[in-house]
Amino acid sequence: MIDEETAAVFREELRDLIDSLERGLMDLKAAPDNMALVNKVFRDLHTVKGSGAMFGYTDLAAFIHKFETQFDKVRVGEVPVSAELIRLALAARDEIPGLVERRADPEGRREAILQGLSGLGGQAEVAQVAVAAPVALPDAATGPLALEFRLLGEAFGLGARPELVLKELRELGATGIVADLAEVPPLDTLECDQCHIVWRMELPGEVTEAQVEEVFLFVDAEWKLRRLAVSDGTGFDFELGAGRADPATEQPEAAVLAGPAAAARSQPAEAEMAPVAQAAATIRVSAERLDALMDAVGELVIVEARLTELARQSRDPALMATAEQITRLAAGLRDATMTMRMVPMRSLVGRFRRLVMGLSDSLDKPVTFSVLGEDTELDKTVIEKLADPLVHVLRNAIDHGMEPAEQRAASGKPANGVIELSAEHAGAEVLIRVRDDGRGMDPAKIRAKAVSQGMIAPDTVLTEAQIFALVFEPGFSTATEVTELSGRGVGMDVVRRTIESLRGNIEIDSKLGRGTTVTLRLPLTLAIIEGLLIEVAGEKYTLPMASVHEIVALPKDREVPKRTGDFLDIRGGFVPFLRLRSLFECGGAPAAEQNVVIVSSGETRVGIVVDRIVGTNQTVIKQMSKLHSGVRAVSGATILGDGSVALILDVGHLIALGRVAGPVLVAGTAFAEVAA
């Protein structure tokens, strides 16, 4: 019985394997003739089976063995890749978590899946898949085979287990196994990570080269297979095949060499193995430990700011030099820790592809789904909370945004719709877009619905972007209106709340009849950011530097608020601005010379009038208490070097105030009203 810690490691590795298996099957559906993908899927199955058996999950190993046996028919060309094969294979993949948790299968789904797989294909369809049949050994019935193999590189250091290889060979009928110790060096020069033993044995004559190759599929080993001469029973008459299996390569098939070529290639290959294995070395760390490390680094940044402030006040050269060194070290540690928390978008893509494929099949709407920027990285907390909003946006794009095939044909569009998920870095932000070429959104219908629900007055003047933003209001759409409004408002308020909780914002751009693009703007991290420290009425606040576009002086003719609204003319563009003194109902006279911080989100810019610019600093974000959860103008707080607290302003909320309200909020507007 394995302990809980070992079981947790197995489950973690299994999650990666079944994600890889799902990606491979999805790719295989799009490229059914790609044998590299077939081999990748088979390799994942083989690894799941072996790991399950090793850790005592016998039911899992038995199920995957039968699954693997049926899928092996694809490798040898007996069964073509088809939509039904992929459907059944994905259904089998879905059973793996239940087998790990040892859940019963009273409905017999697993057996039904295996029977469905066994009933697929036929010899008549072999031509559909370009698969080379295994090379038949000549004169198979004339005598036994001789096999010798050795493990390459730092085999033991990488966890190789030769006894498992020997067990598989015994299952093929290996006899007379001999371990040759001639190459084992003296003890004082022995490298414990390397294997210096060569094994030799005999195999039955009916064993095929492909069967031997499969044994070494996941082992970094060099092997040679020969036909044993029948005439005298000694020596090897000729060499049938030799190869080296390398688990690091995308092609799992061992290269088949002949004669001297095998010996010529084996030595360079072995020499190349060590650096590859070293570069790929990784270690698994629990998320809780990463969070604890990030918290400790955050506290270190706060202490570093305090030390820098004390050094500035003391003017002591030694203390100032030490503070500068600590600042550099803290910055390096912060960057390294934040890098460890970054997770690529690729970790989310698998479930999205499965969702799109399922909806496409069930709704009979052919869709081509493409992903750009899978390697774009975000903080793991952002990734965890991003899954549900993207699932909802993608579901709406197919279910309600994409027209049926006949409507697309009538509009002159291709039968296959296009949905594109892209991610890219933009400064300290990540832009995630979901674009479709469906029917688009009708601003007139959205406006009419908003008027009928009392959200806006009939004479309210709104831009197209403001009209599209209405779909994020709670209760905007009903089931009856889903078809009329392309369903874009159903649950979108939940999407907006989730994105705003991540200090991001969401925008919609749509052209009627041409499609819709939903853009999510998210910060790279939620832990430590670069902040701009500002002062208003003696109180300090922080603005995320990623949102700061520029800083300008407030013109003299704009110092007094106007009832019709305040705007700045910045290089020919009118930018509305808010006065934080009015917004926060601050007393006292403003500073003689005020500044306007221009914050931006996409193409939208809003100015924020402040008394003084203090400077930039490393801002460790502290979450507000539940009592302040309804205060939308503030997204968090940070501790400054002097020990005081500065609130972090929610730039997205301030931009929304400037964009929707237009004119400045004059004195008398209660902070509670704005916060709500």
# chains A, B, ... in the order shown; residues from 1 in each chain; ligands from 1
>>> residues_around(residues="Arg93 in chain A", least_positions_apart="4", cutoff="8 Å", atoms="only C-alpha atoms", output="list in words")
Ile18, Leu21, Glu22 and Ala89 of chain A
>>> residues_around(residues="Gly641 in chain A", least_positions_apart="4", cutoff="7 Å", atoms="only C-alpha atoms", output="NGL selection string")
:A and (302 or 305-306 or 309)
>>> select_by_dssp(residues="range 311-378 of chain A", states="strand (DSSP E or B)", output="MDAnalysis selection string")
chainID A and resid 342:344 367:372 377:378
>>> write_last_selection(atoms="C-alpha atoms", output="PDB file, in the first residue's frame")
ATOM      1  CA  MET A 342       3.815  31.993 -13.763  1.00  0.00           C
ATOM      2  CA  VAL A 343       1.787  29.374 -15.632  1.00  0.00           C
ATOM      3  CA  PRO A 344       1.380  29.211 -19.442  1.00  0.00           C
ATOM      4  CA  VAL A 367     -16.187  25.135 -36.006  1.00  0.00           C
ATOM      5  CA  THR A 368     -12.458  25.555 -36.509  1.00  0.00           C
ATOM      6  CA  PHE A 369     -10.893  26.414 -33.174  1.00  0.00           C
ATOM      7  CA  SER A 370      -7.409  27.928 -33.137  1.00  0.00           C
ATOM      8  CA  VAL A 371      -5.225  29.091 -30.272  1.00  0.00           C
ATOM      9  CA  LEU A 372      -2.489  31.705 -30.501  1.00  0.00           C
ATOM     10  CA  GLU A 377       2.257  33.192 -18.968  1.00  0.00           C
ATOM     11  CA  LEU A 378       0.092  34.550 -16.160  1.00  0.00           C
TER      12      LEU A 378
END
>>> closest_residue(among="A:Arg75, A:Arg351, A:Arg161, A:Arg341", to="Met54 in chain A", atoms="only C-alpha atoms")
A:Arg161
>>> atom_distance(atom1="CA of Glu403 in chain A", atom2="CA of Leu359 in chain A")
13.1 Å
>>> residues_around(residues="Glu550 in chain A", least_positions_apart="3", cutoff="10 Å", atoms="only C-alpha atoms", output="ChimeraX atom specification")
/A:545,547,596-600,607
>>> write_last_selection(atoms="N, CA, C and O atoms", output="CSV table (one decimal), in the first residue's frame")
chain,number,residue,atom,x,y,z
A,545,MET,N,1.3,51.1,-12.0
A,545,MET,CA,2.1,51.7,-13.1
A,545,MET,C,1.7,51.2,-14.5
A,545,MET,O,1.8,51.9,-15.5
A,547,SER,N,-1.1,50.9,-15.6
A,547,SER,CA,-2.2,51.6,-16.2
A,547,SER,C,-1.9,53.1,-16.4
A,547,SER,O,-2.7,53.8,-17.0
A,596,VAL,N,-2.2,65.9,-13.2
A,596,VAL,CA,-3.3,65.0,-13.7
A,596,VAL,C,-2.6,63.7,-14.2
A,596,VAL,O,-1.7,63.8,-15.1
A,597,VAL,N,-2.9,62.6,-13.6
A,597,VAL,CA,-2.3,61.3,-14.0
A,597,VAL,C,-3.3,60.7,-15.0
A,597,VAL,O,-4.5,60.5,-14.7
A,598,ILE,N,-2.8,60.5,-16.2
A,598,ILE,CA,-3.6,59.9,-17.3
A,598,ILE,C,-3.5,58.4,-17.2
A,598,ILE,O,-2.4,57.9,-17.4
A,599,VAL,N,-4.6,57.8,-16.9
A,599,VAL,CA,-4.6,56.3,-16.8
A,599,VAL,C,-5.4,55.8,-18.1
A,599,VAL,O,-6.3,56.5,-18.6
A,600,SER,N,-5.0,54.6,-18.6
A,600,SER,CA,-5.6,54.2,-19.8
A,600,SER,C,-5.9,52.7,-19.7
A,600,SER,O,-5.3,51.9,-18.9
A,607,GLY,N,-8.3,61.1,-16.9
A,607,GLY,CA,-7.4,61.8,-16.1
A,607,GLY,C,-7.8,61.8,-14.6
A,607,GLY,O,-9.0,61.8,-14.3
